[in-house]
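Colleague: Have a peek at final15.pdb (PDB, C-alpha atoms).
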```
ATOM      1  CA  MET K   1       5.986 -11.513 -14.221
ATOM      2  CA  ASN K   2       8.703 -10.059 -16.418
ATOM      3  CA  TYR K   3       7.863  -6.428 -17.034
ATOM      4  CA  LYS K   4      10.611  -6.205 -19.621
ATOM      5  CA  LYS K   5       8.690  -8.561 -21.902
ATOM      6  CA  ASP K   6       5.001  -8.316 -21.146
ATOM      7  CA  TYR K   7       4.174  -4.756 -22.179
ATOM      8  CA  VAL K   8       4.333  -2.840 -25.434
ATOM      9  CA  TYR K   9       5.842   0.565 -24.721
ATOM     10  CA  PHE K  10       4.948   3.735 -26.563
ATOM     11  CA  ARG K  11       7.645   5.859 -24.931
ATOM     12  CA  ARG K  12       9.622   5.882 -21.745
ATOM     13  CA  MET K  13       7.922   7.523 -18.802
ATOM     14  CA  LYS K  14       9.882  10.273 -17.066
ATOM     15  CA  LEU K  15       9.331   9.570 -13.383
ATOM     16  CA  GLY K  16      10.189  11.880 -10.535
ATOM     17  CA  ILE K  17      10.589  10.826  -6.898
ATOM     18  CA  ILE K  18       9.384  13.060  -4.090
ATOM     19  CA  GLY K  19      11.276  12.159  -0.941
ATOM     20  CA  THR K  20      14.688  10.651  -0.272
ATOM     21  CA  GLY K  21      14.139   8.258   2.629
ATOM     22  CA  ARG K  22      14.487   4.498   2.997
ATOM     23  CA  ILE K  23      11.659   3.454   0.664
ATOM     24  CA  ALA K  24      12.776   5.909  -2.032
ATOM     25  CA  LYS K  25      16.267   4.401  -2.021
ATOM     26  CA  ARG K  26      14.841   0.910  -2.431
ATOM     27  CA  ALA K  27      12.666   2.122  -5.277
ATOM     28  CA  VAL K  28      15.677   3.166  -7.359
ATOM     29  CA  LYS K  29      16.887  -0.425  -7.624
ATOM     30  CA  GLU K  30      13.425  -1.823  -8.290
ATOM     31  CA  LEU K  31      12.710   0.720 -11.022
ATOM     32  CA  GLY K  32      15.699  -0.669 -12.877
ATOM     33  CA  GLU K  33      13.670  -3.855 -13.382
ATOM     34  CA  VAL K  34      10.714  -2.073 -15.014
ATOM     35  CA  GLU K  35      11.414  -1.245 -18.619
ATOM     36  CA  GLY K  36       9.574   1.812 -19.850
ATOM     37  CA  ILE K  37      10.157   3.962 -16.761
ATOM     38  CA  ARG K  38      13.138   6.297 -16.592
ATOM     39  CA  LEU K  39      13.962   7.888 -13.264
ATOM     40  CA  HIS K  40      14.369  11.511 -14.276
ATOM     41  CA  ALA K  41      14.486  13.674 -11.140
ATOM     42  CA  VAL K  42      14.274  13.742  -7.367
ATOM     43  CA  TYR K  43      12.707  16.469  -5.235
ATOM     44  CA  ASN K  44      13.299  17.298  -1.595
ATOM     45  CA  PRO K  45      12.762  20.715   0.038
ATOM     46  CA  ASN K  46      16.209  20.114   1.530
ATOM     47  CA  LEU K  47      18.387  20.412  -1.577
ATOM     48  CA  SER K  48      21.420  18.750  -0.005
ATOM     49  CA  HIS K  49      19.347  15.631   0.654
ATOM     50  CA  ALA K  50      18.137  15.616  -2.948
ATOM     51  CA  LYS K  51      21.684  15.975  -4.282
ATOM     52  CA  GLU K  52      22.988  13.170  -2.081
ATOM     53  CA  PHE K  53      20.149  10.912  -3.207
ATOM     54  CA  ALA K  54      20.946  11.657  -6.860
ATOM     55  CA  ARG K  55      24.617  10.932  -6.226
ATOM     56  CA  GLN K  56      23.836   7.585  -4.630
ATOM     57  CA  ALA K  57      21.572   6.780  -7.573
ATOM     58  CA  GLY K  58      24.566   7.055  -9.877
ATOM     59  CA  GLY K  59      24.285  10.707 -10.832
ATOM     60  CA  ARG K  60      21.889   9.950 -13.661
ATOM     61  CA  ILE K  61      19.033  12.041 -12.280
ATOM     62  CA  SER K  62      18.588  15.713 -11.511
ATOM     63  CA  ALA K  63      18.090  16.964  -7.955
ATOM     64  CA  THR K  64      16.003  19.969  -7.013
ATOM     65  CA  ASP K  65      14.161  21.814  -4.253
ATOM     66  CA  ASP K  66      11.966  23.639  -6.801
ATOM     67  CA  LEU K  67       8.653  21.758  -6.723
ATOM     68  CA  ASP K  68       7.029  23.556  -9.661
ATOM     69  CA  GLY K  69      10.079  23.090 -11.853
ATOM     70  CA  PHE K  70      10.291  19.449 -10.803
ATOM     71  CA  LEU K  71       6.666  18.763 -11.770
ATOM     72  CA  ASP K  72       7.104  20.544 -15.108
ATOM     73  CA  ALA K  73       9.943  18.156 -15.967
ATOM     74  CA  VAL K  74       8.209  14.798 -15.341
ATOM     75  CA  ASP K  75       5.280  12.717 -16.597
ATOM     76  CA  ALA K  76       4.581  11.017 -13.281
ATOM     77  CA  VAL K  77       5.667  11.111  -9.648
ATOM     78  CA  TYR K  78       6.318   8.533  -6.967
ATOM     79  CA  ILE K  79       5.551  10.127  -3.614
ATOM     80  CA  ALA K  80       7.773   8.679  -0.888
ATOM     81  CA  SER K  81       7.887  11.642   1.486
ATOM     82  CA  PRO K  82       6.763  11.631   5.155
ATOM     83  CA  HIS K  83       3.177  10.485   5.706
ATOM     84  CA  GLU K  84       1.655  13.848   6.495
ATOM     85  CA  SER K  85       2.836  15.340   3.181
ATOM     86  CA  HIS K  86       1.354  12.689   0.872
ATOM     87  CA  TYR K  87      -1.968  14.459   0.346
ATOM     88  CA  PHE K  88      -0.378  17.830  -0.438
ATOM     89  CA  TYR K  89       2.063  16.457  -3.001
ATOM     90  CA  ALA K  90      -0.516  14.172  -4.618
ATOM     91  CA  LYS K  91      -3.003  17.005  -4.981
ATOM     92  CA  LYS K  92      -0.369  19.377  -6.387
ATOM     93  CA  ALA K  93       0.794  16.833  -8.963
ATOM     94  CA  LEU K  94      -2.686  15.749 -10.036
ATOM     95  CA  GLU K  95      -3.865  19.340 -10.463
ATOM     96  CA  GLY K  96      -0.926  19.778 -12.837
ATOM     97  CA  GLY K  97      -1.964  16.762 -14.889
ATOM     98  CA  ILE K  98       0.805  14.523 -13.496
ATOM     99  CA  HIS K  99       0.184  10.810 -12.860
ATOM    100  CA  VAL K 100       0.722   9.754  -9.242
ATOM    101  CA  ILE K 101       1.780   6.618  -7.415
ATOM    102  CA  CYS K 102       1.768   7.462  -3.719
ATOM    103  CA  GLU K 103       3.172   5.588  -0.757
ATOM    104  CA  LYS K 104       0.726   4.542   1.884
ATOM    105  CA  PRO K 105      -1.166   5.899   3.631
ATOM    106  CA  MET K 106      -2.160   8.198   0.788
ATOM    107  CA  ALA K 107      -4.503  10.181   3.036
ATOM    108  CA  PHE K 108      -5.623  10.180   6.662
ATOM    109  CA  GLU K 109      -9.111  11.515   5.990
ATOM    110  CA  GLU K 110     -11.823   9.921   3.880
ATOM    111  CA  SER K 111     -12.806  13.259   2.331
ATOM    112  CA  ARG K 112      -9.224  13.886   1.197
ATOM    113  CA  ALA K 113      -8.947  10.465  -0.423
ATOM    114  CA  ARG K 114     -12.206  11.095  -2.287
ATOM    115  CA  GLU K 115     -10.928  14.503  -3.361
ATOM    116  CA  LEU K 116      -7.702  13.077  -4.795
ATOM    117  CA  TYR K 117      -9.532  10.481  -6.868
ATOM    118  CA  ALA K 118     -11.991  13.117  -8.092
ATOM    119  CA  ILE K 119      -9.110  15.342  -9.221
ATOM    120  CA  ALA K 120      -7.397  12.390 -10.920
ATOM    121  CA  GLN K 121     -10.538  11.554 -12.850
ATOM    122  CA  SER K 122     -11.142  15.166 -13.859
ATOM    123  CA  LYS K 123      -7.561  15.454 -15.133
ATOM    124  CA  ASN K 124      -7.562  11.988 -16.758
ATOM    125  CA  CYS K 125      -4.621  11.012 -14.552
ATOM    126  CA  VAL K 126      -3.730   7.694 -12.977
ATOM    127  CA  LEU K 127      -3.697   7.683  -9.169
ATOM    128  CA  MET K 128      -2.442   4.593  -7.345
ATOM    129  CA  GLU K 129      -1.758   3.965  -3.687
ATOM    130  CA  ALA K 130       1.515   2.026  -3.530
ATOM    131  CA  VAL K 131       0.353  -1.126  -1.750
ATOM    132  CA  LYS K 132       2.880  -3.472  -3.320
ATOM    133  CA  THR K 133       1.308  -6.646  -1.932
ATOM    134  CA  ALA K 134      -1.841  -6.048  -3.991
ATOM    135  CA  TYR K 135       0.114  -6.307  -7.247
ATOM    136  CA  CYS K 136       2.366  -9.262  -6.431
ATOM    137  CA  PRO K 137       1.726 -12.677  -8.026
ATOM    138  CA  GLY K 138       1.116 -14.325  -4.651
ATOM    139  CA  PHE K 139      -1.726 -12.045  -3.623
ATOM    140  CA  LYS K 140      -3.285 -12.298  -7.076
ATOM    141  CA  GLU K 141      -3.205 -16.092  -6.727
ATOM    142  CA  ILE K 142      -4.871 -15.803  -3.315
ATOM    143  CA  GLU K 143      -7.611 -13.736  -4.966
ATOM    144  CA  ARG K 144      -8.062 -16.375  -7.665
ATOM    145  CA  VAL K 145      -8.372 -19.162  -5.082
ATOM    146  CA  ILE K 146     -10.875 -17.206  -2.973
ATOM    147  CA  GLU K 147     -12.961 -16.287  -6.036
ATOM    148  CA  SER K 148     -13.043 -19.939  -7.125
ATOM    149  CA  GLY K 149     -15.054 -20.833  -4.017
ATOM    150  CA  THR K 150     -12.471 -23.337  -2.800
ATOM    151  CA  ILE K 151     -12.942 -22.323   0.855
ATOM    152  CA  GLY K 152     -16.594 -21.377   0.441
ATOM    153  CA  GLU K 153     -17.930 -18.023   1.605
ATOM    154  CA  VAL K 154     -15.371 -15.896   3.450
ATOM    155  CA  VAL K 155     -16.544 -15.199   7.002
ATOM    156  CA  ASP K 156     -13.446 -13.991   8.833
ATOM    157  CA  VAL K 157     -10.101 -12.411   7.889
ATOM    158  CA  GLU K 158      -7.200 -12.043  10.326
ATOM    159  CA  ALA K 159      -4.088 -10.171   9.172
ATOM    160  CA  ALA K 160      -1.002  -9.300  11.221
ATOM    161  CA  PHE K 161       2.073  -7.189  10.478
ATOM    162  CA  THR K 162       4.580  -6.445  13.242
ATOM    163  CA  ARG K 163       8.195  -5.338  13.185
ATOM    164  CA  LEU K 164      10.194  -4.362  16.269
ATOM    165  CA  THR K 165      11.431  -0.830  15.707
ATOM    166  CA  SER K 166      14.211   1.135  17.374
ATOM    167  CA  ILE K 167      13.534   4.364  19.208
ATOM    168  CA  GLY K 168      14.614   7.311  17.094
ATOM    169  CA  LEU K 169      13.028   6.200  13.840
ATOM    170  CA  ARG K 170      10.156   8.101  12.274
ATOM    171  CA  GLU K 171       7.616   5.332  12.936
ATOM    172  CA  LEU K 172       7.851   5.908  16.691
ATOM    173  CA  GLU K 173       8.919   9.541  16.830
ATOM    174  CA  ASP K 174       6.200  11.095  14.637
ATOM    175  CA  VAL K 175       3.704  11.755  17.427
ATOM    176  CA  LYS K 176       0.945  12.937  15.072
ATOM    177  CA  TYR K 177       1.016  10.392  12.231
ATOM    178  CA  GLY K 178       3.437   7.690  13.392
ATOM    179  CA  GLY K 179       2.651   4.476  15.205
ATOM    180  CA  ALA K 180       1.998   0.845  14.414
ATOM    181  CA  PHE K 181      -1.399   1.104  12.769
ATOM    182  CA  THR K 182      -0.668   4.047  10.481
ATOM    183  CA  GLU K 183       2.593   2.337   9.490
ATOM    184  CA  PHE K 184       1.281  -1.152   8.707
ATOM    185  CA  GLY K 185      -2.501  -0.830   8.685
ATOM    186  CA  THR K 186      -2.667  -0.318   4.937
ATOM    187  CA  TYR K 187      -1.301  -3.839   4.510
ATOM    188  CA  THR K 188      -3.564  -5.515   7.057
ATOM    189  CA  LEU K 189      -6.687  -3.753   5.780
ATOM    190  CA  LEU K 190      -5.929  -4.836   2.196
ATOM    191  CA  PRO K 191      -7.135  -8.470   2.502
ATOM    192  CA  ILE K 192      -9.905  -7.496   4.904
ATOM    193  CA  PHE K 193     -11.501  -5.089   2.458
ATOM    194  CA  ARG K 194     -10.640  -7.193  -0.584
ATOM    195  CA  PHE K 195     -12.376 -10.325   0.712
ATOM    196  CA  LEU K 196     -15.069  -8.909   2.990
ATOM    197  CA  GLY K 197     -15.759  -5.578   1.310
ATOM    198  CA  THR K 198     -15.638  -2.038   2.640
ATOM    199  CA  GLU K 199     -19.154  -1.789   4.065
ATOM    200  CA  TYR K 200     -18.310  -2.642   7.661
ATOM    201  CA  LYS K 201     -20.774  -1.629  10.382
ATOM    202  CA  GLU K 202     -18.487  -1.201  13.356
ATOM    203  CA  VAL K 203     -14.781  -0.673  14.008
ATOM    204  CA  VAL K 204     -13.109  -0.967  17.422
ATOM    205  CA  PHE K 205      -9.499  -0.053  18.246
ATOM    206  CA  ASN K 206      -7.414  -1.418  21.113
ATOM    207  CA  SER K 207      -3.849  -0.147  21.496
ATOM    208  CA  VAL K 208      -0.776  -0.417  23.675
ATOM    209  CA  LYS K 209       1.080   2.890  23.768
ATOM    210  CA  ALA K 210       4.777   3.260  23.105
ATOM    211  CA  ASP K 211       6.911   5.503  25.307
ATOM    212  CA  THR K 212       6.772   8.194  22.641
ATOM    213  CA  GLY K 213       2.987   8.382  22.896
ATOM    214  CA  VAL K 214       2.076   6.689  19.612
ATOM    215  CA  ASP K 215       0.574   3.213  19.474
ATOM    216  CA  GLY K 216       3.211   0.510  19.742
ATOM    217  CA  TYR K 217       0.713  -2.281  19.175
ATOM    218  CA  THR K 218      -2.840  -2.090  17.887
ATOM    219  CA  LYS K 219      -5.676  -4.514  17.292
ATOM    220  CA  VAL K 220      -8.528  -3.387  15.074
ATOM    221  CA  PHE K 221     -11.813  -5.320  15.044
ATOM    222  CA  LEU K 222     -14.307  -4.851  12.228
ATOM    223  CA  ASN K 223     -17.846  -6.229  12.274
ATOM    224  CA  TYR K 224     -19.860  -6.336   9.094
ATOM    225  CA  ASP K 225     -23.375  -6.484  10.539
ATOM    226  CA  GLU K 226     -25.079  -6.386  13.906
ATOM    227  CA  SER K 227     -25.251 -10.169  14.215
ATOM    228  CA  MET K 228     -21.503 -10.391  13.515
ATOM    229  CA  VAL K 229     -21.944 -12.951  10.729
ATOM    230  CA  LYS K 230     -18.738 -11.618   9.153
ATOM    231  CA  MET K 231     -15.819 -10.090  10.984
ATOM    232  CA  ALA K 232     -12.135  -9.231  10.737
ATOM    233  CA  GLN K 233      -9.090  -8.482  12.851
ATOM    234  CA  SER K 234      -5.984  -6.440  12.078
ATOM    235  CA  LYS K 235      -2.867  -6.634  14.273
ATOM    236  CA  THR K 236       0.025  -4.208  13.836
ATOM    237  CA  GLY K 237       3.038  -3.651  16.030
ATOM    238  CA  LEU K 238       6.256  -1.693  16.422
ATOM    239  CA  THR K 239       7.026  -2.536  20.057
ATOM    240  CA  VAL K 240       5.289  -5.916  20.290
ATOM    241  CA  LYS K 241       6.117  -8.927  18.110
ATOM    242  CA  SER K 242       3.453 -11.318  16.824
ATOM    243  CA  GLU K 243       3.175 -13.970  14.113
ATOM    244  CA  GLY K 244       2.803 -12.122  10.811
ATOM    245  CA  GLN K 245       0.361 -14.427   9.107
ATOM    246  CA  LEU K 246      -2.822 -14.029   7.081
ATOM    247  CA  LEU K 247      -5.755 -16.321   7.862
ATOM    248  CA  ILE K 248      -8.892 -16.298   5.718
ATOM    249  CA  SER K 249     -11.665 -18.492   7.114
ATOM    250  CA  GLY K 250     -14.535 -19.776   4.992
ATOM    251  CA  THR K 251     -17.537 -22.084   5.197
ATOM    252  CA  LYS K 252     -15.679 -24.953   3.449
ATOM    253  CA  GLY K 253     -12.107 -24.472   4.615
ATOM    254  CA  TYR K 254      -9.466 -21.847   5.261
ATOM    255  CA  LEU K 255      -6.492 -20.262   3.527
ATOM    256  CA  ILE K 256      -3.351 -19.550   5.526
ATOM    257  CA  VAL K 257      -0.307 -17.548   4.444
ATOM    258  CA  PRO K 258       2.715 -17.864   6.751
ATOM    259  CA  SER K 259       4.758 -14.872   7.834
ATOM    260  CA  PRO K 260       5.587 -12.614   6.098
ATOM    261  CA  TRP K 261       2.278 -12.902   4.241
ATOM    262  CA  TRP K 262       2.702  -9.472   2.585
ATOM    263  CA  LEU K 263       5.648 -10.961   0.659
ATOM    264  CA  THR K 264       3.634 -14.006  -0.401
ATOM    265  CA  ARG K 265       5.732 -16.822  -1.828
ATOM    266  CA  TYR K 266       3.703 -19.718  -0.451
ATOM    267  CA  PHE K 267       0.307 -20.445   1.058
ATOM    268  CA  GLU K 268      -1.938 -23.381   1.891
ATOM    269  CA  VAL K 269      -5.634 -24.205   1.719
ATOM    270  CA  ARG K 270      -6.803 -26.583   4.456
ATOM    271  CA  TYR K 271     -10.056 -28.364   5.182
ATOM    272  CA  GLU K 272     -11.852 -30.289   7.926
ATOM    273  CA  ASP K 273      -9.951 -33.386   6.814
ATOM    274  CA  PRO K 274      -6.386 -32.642   8.013
ATOM    275  CA  THR K 275      -4.905 -34.945   5.371
ATOM    276  CA  ILE K 276      -6.110 -32.667   2.573
ATOM    277  CA  ILE K 277      -3.799 -29.682   2.145
ATOM    278  CA  LYS K 278      -3.402 -27.776  -1.115
ATOM    279  CA  LYS K 279      -0.054 -26.028  -1.436
ATOM    280  CA  TYR K 280       0.629 -23.009  -3.651
ATOM    281  CA  TYR K 281       4.060 -21.635  -4.568
ATOM    282  CA  CYS K 282       4.307 -18.119  -5.999
ATOM    283  CA  GLU K 283       6.895 -15.892  -7.646
ATOM    284  CA  PHE K 284       8.203 -12.926  -5.666
ATOM    285  CA  GLU K 285      11.155 -10.994  -7.074
ATOM    286  CA  GLY K 286      13.237  -8.309  -5.394
ATOM    287  CA  ASP K 287      11.351  -6.589  -2.597
ATOM    288  CA  GLY K 288       8.137  -6.405  -4.603
ATOM    289  CA  LEU K 289       8.129  -2.743  -5.597
ATOM    290  CA  ARG K 290       8.699  -3.680  -9.246
ATOM    291  CA  TYR K 291       5.206  -5.165  -9.393
ATOM    292  CA  GLU K 292       3.447  -1.972  -8.361
ATOM    293  CA  PHE K 293       5.626   0.148 -10.652
ATOM    294  CA  GLY K 294       4.931  -2.210 -13.543
ATOM    295  CA  GLU K 295       1.193  -1.938 -12.951
ATOM    296  CA  PHE K 296       1.420   1.831 -12.631
ATOM    297  CA  PHE K 297       3.254   2.129 -15.949
ATOM    298  CA  LYS K 298       0.726  -0.129 -17.640
ATOM    299  CA  ARG K 299      -2.158   1.993 -16.401
ATOM    300  CA  VAL K 300      -0.547   5.189 -17.592
ATOM    301  CA  GLN K 301      -0.075   3.652 -21.048
ATOM    302  CA  GLU K 302      -3.581   2.204 -21.129
ATOM    303  CA  LYS K 303      -5.852   4.858 -19.659
ATOM    304  CA  GLY K 304      -8.853   2.570 -20.066
ATOM    305  CA  LEU K 305      -7.769   0.708 -16.926
ATOM    306  CA  MET K 306      -8.744   3.762 -14.905
ATOM    307  CA  VAL K 307     -12.417   2.884 -15.274
ATOM    308  CA  SER K 308     -11.914  -0.863 -14.954
ATOM    309  CA  LYS K 309     -13.447  -2.989 -12.232
ATOM    310  CA  ASP K 310     -10.017  -3.334 -10.579
ATOM    311  CA  TYR K 311      -9.446   0.424 -10.529
ATOM    312  CA  GLU K 312     -12.876   1.121  -9.043
ATOM    313  CA  LEU K 313     -12.307  -1.571  -6.396
ATOM    314  CA  GLU K 314      -8.916  -0.150  -5.409
ATOM    315  CA  MET K 315     -10.342   3.375  -5.228
ATOM    316  CA  GLU K 316     -13.147   2.182  -2.951
ATOM    317  CA  GLU K 317     -10.663   0.379  -0.712
ATOM    318  CA  ALA K 318      -8.256   3.332  -0.525
ATOM    319  CA  ILE K 319     -11.096   5.656   0.486
ATOM    320  CA  ALA K 320     -12.294   3.159   3.105
ATOM    321  CA  ARG K 321      -8.767   2.802   4.529
ATOM    322  CA  ALA K 322      -8.467   6.565   4.841
ATOM    323  CA  GLY K 323     -11.751   6.533   6.734
ATOM    324  CA  VAL K 324     -10.462   3.914   9.189
ATOM    325  CA  PHE K 325      -7.249   5.885   9.749
ATOM    326  CA  GLU K 326      -9.312   9.015  10.365
ATOM    327  CA  ARG K 327     -11.380   7.242  13.021
ATOM    328  CA  PHE K 328      -8.290   5.694  14.584
ATOM    329  CA  LEU K 329      -6.382   8.965  14.892
ATOM    330  CA  LYS K 330      -9.374  10.652  16.507
ATOM    331  CA  THR K 331      -9.638   7.769  18.964
ATOM    332  CA  ARG K 332      -5.914   7.824  19.741
ATOM    333  CA  GLN K 333      -6.024  11.546  20.544
ATOM    334  CA  MET K 334      -8.568  10.819  23.279
ATOM    335  CA  LEU K 335      -6.444   8.154  24.996
TER     336      LEU K 335
END
```
For the structure just supplied, provide its representation as structure tokens.
Modeller:
Amino acid sequence: MNYKKDYVYFRRMKLGIIGTGRIAKRAVKELGEVEGIRLHAVYNPNLSHAKEFARQAGGRISATDDLDGFLDAVDAVYIASPHESHYFYAKKALEGGIHVICEKPMAFEESRARELYAIAQSKNCVLMEAVKTAYCPGFKEIERVIESGTIGEVVDVEAAFTRLTSIGLRELEDVKYGGAFTEFGTYTLLPIFRFLGTEYKEVVFNSVKADTGVDGYTKVFLNYDESMVKMAQSKTGLTVKSEGQLLISGTKGYLIVPSPWWLTRYFEVRYEDPTIIKKYYCEFEGDGLRYEFGEFFKRVQEKGLMVSKDYELEMEEAIARAGVFERFLKTRQML
């Protein structure tokens, strides 16, 4: 999708970035592909980091460690700070009437996720969790195929996301909120909740610990009723490597997306007859962030989307994910 052609713009959005890490740097390039959004400012409590980020971005944006002044100067914020700060910054921005797109996980407690959406609705603000896969053409095509009934009723979803990570990086060193599942679980839970719903009955966690104490590899099993008629499995890893595919099994056939499924460019639908294989090729530009930013801008311009079926579905899923993370972190503390 070409965001430079598909939307009618009323005025350019002044966007501020909170955080100056790896994902924030990638966002600068991707934002250049979304007409209608102007990167206006960057905030970091460490001013030198903010200034260096602004310099690397070409010096076109202001840098500050004054959060209130930063929020006063922008229409919307992209929160790309460390995980544990997402809730604080999102709440602060929303209470000030600022639209928010927040990196995942947006919250680690179900009650906090509910609170953020309640504030957003009371302030007539857009709140989006930045799960880029959900807004990419490939995942939308997967949704269309599933909804068409091509593979019948979905019974099982298996999603994996692993990436071997060096010691010293935040993912392994953050002993409170780091680890494989908090890092990649938002992705793996996306298709599970999208195609099986959020009303699971049981969740079980099995983890292999890293030397730093966080989970280096985690399997999550979700059962949707006592007879286990529908079920799901999430696999995430930082110290263990596995095939990063998505498998959606139905009563008529199955849909398989090869690794890396979260950057979907191709998938297949297969049936009992092995000679029948439907192949789907999908657009995927850049590293995918442009799709979520394009959707965010559209929602800010068209506030009616906030009460759409899609918005309500995403809110329900984000709250459910926060609930799973809350249960997982409590379980991990007891290991």
Colleague: For a quick check of understanding, using all atoms listed in the file, which of K:Gly152, K:Gly168, K:Gly216, K:Gly197 has the smallest distance to K:Arg270?
Modeller: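 Between K:Gly152, K:Gly168, K:Gly216, K:Gly197, the residue approaching K:Arg270 most closely is K:Gly152.
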Colleague: Applied to this file, what does the PyMOL selection byres ((chain K and resi 324) around 12) return in terms of residues, put as a tab-separated table (two decimals) with C-alpha atoms, keeping the file's coordinate frame?
Modeller:
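Dumped to selection24.tsv:
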```tsv
chain	number	residue	atom	x	y	z
K	105	PRO	CA	-1.17	5.90	3.63
K	107	ALA	CA	-4.50	10.18	3.04
K	108	PHE	CA	-5.62	10.18	6.66
K	109	GLU	CA	-9.11	11.52	5.99
K	110	GLU	CA	-11.82	9.92	3.88
K	111	SER	CA	-12.81	13.26	2.33
K	113	ALA	CA	-8.95	10.46	-0.42
K	181	PHE	CA	-1.40	1.10	12.77
K	182	THR	CA	-0.67	4.05	10.48
K	185	GLY	CA	-2.50	-0.83	8.68
K	186	THR	CA	-2.67	-0.32	4.94
K	188	THR	CA	-3.56	-5.52	7.06
K	189	LEU	CA	-6.69	-3.75	5.78
K	193	PHE	CA	-11.50	-5.09	2.46
K	198	THR	CA	-15.64	-2.04	2.64
K	199	GLU	CA	-19.15	-1.79	4.07
K	200	TYR	CA	-18.31	-2.64	7.66
K	201	LYS	CA	-20.77	-1.63	10.38
K	202	GLU	CA	-18.49	-1.20	13.36
K	203	VAL	CA	-14.78	-0.67	14.01
K	204	VAL	CA	-13.11	-0.97	17.42
K	205	PHE	CA	-9.50	-0.05	18.25
K	220	VAL	CA	-8.53	-3.39	15.07
K	221	PHE	CA	-11.81	-5.32	15.04
K	222	LEU	CA	-14.31	-4.85	12.23
K	234	SER	CA	-5.98	-6.44	12.08
K	317	GLU	CA	-10.66	0.38	-0.71
K	318	ALA	CA	-8.26	3.33	-0.52
K	319	ILE	CA	-11.10	5.66	0.49
K	320	ALA	CA	-12.29	3.16	3.10
K	321	ARG	CA	-8.77	2.80	4.53
K	322	ALA	CA	-8.47	6.56	4.84
K	323	GLY	CA	-11.75	6.53	6.73
K	325	PHE	CA	-7.25	5.88	9.75
K	326	GLU	CA	-9.31	9.02	10.36
K	327	ARG	CA	-11.38	7.24	13.02
K	328	PHE	CA	-8.29	5.69	14.58
K	329	LEU	CA	-6.38	8.96	14.89
K	330	LYS	CA	-9.37	10.65	16.51
K	331	THR	CA	-9.64	7.77	18.96
```
Colleague: Every residue with an atom at most 12 Å from (-5.0, 12.5, -9.8) (file coordinates; all atoms listed in the file) is what I'm after, so could you write them as a ChimeraX atom specification?
Modeller: /K:76-77,87-102,106,112-129,300,306,315
Colleague: When distances are computed from all atoms listed in the file, which of K:Ala41, K:Ala24, K:Leu247, K:Leu238 shows the smallest separation from K:Asp75?
Modeller: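 For K:Asp75, the nearest of the given residues is K:Ala41.
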Colleague: Return the single residue from K:Tyr217, K:Gln56, K:Lys252, K:Gln333 that is closest to K:Ser148, with distances computed using all atoms listed in the file.
Modeller: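 Of K:Tyr217, K:Gln56, K:Lys252, K:Gln333, the one nearest K:Ser148, counting all atoms listed in the file, is K:Lys252.
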Colleague: Once the PyMOL selection byres ((chain K and resi 65) around 8) has been applied to the shown file, what residues remain in the selection, as a PyMOL selection string?
Modeller: chain K and resi 43-47+50+63-64+66-67+70
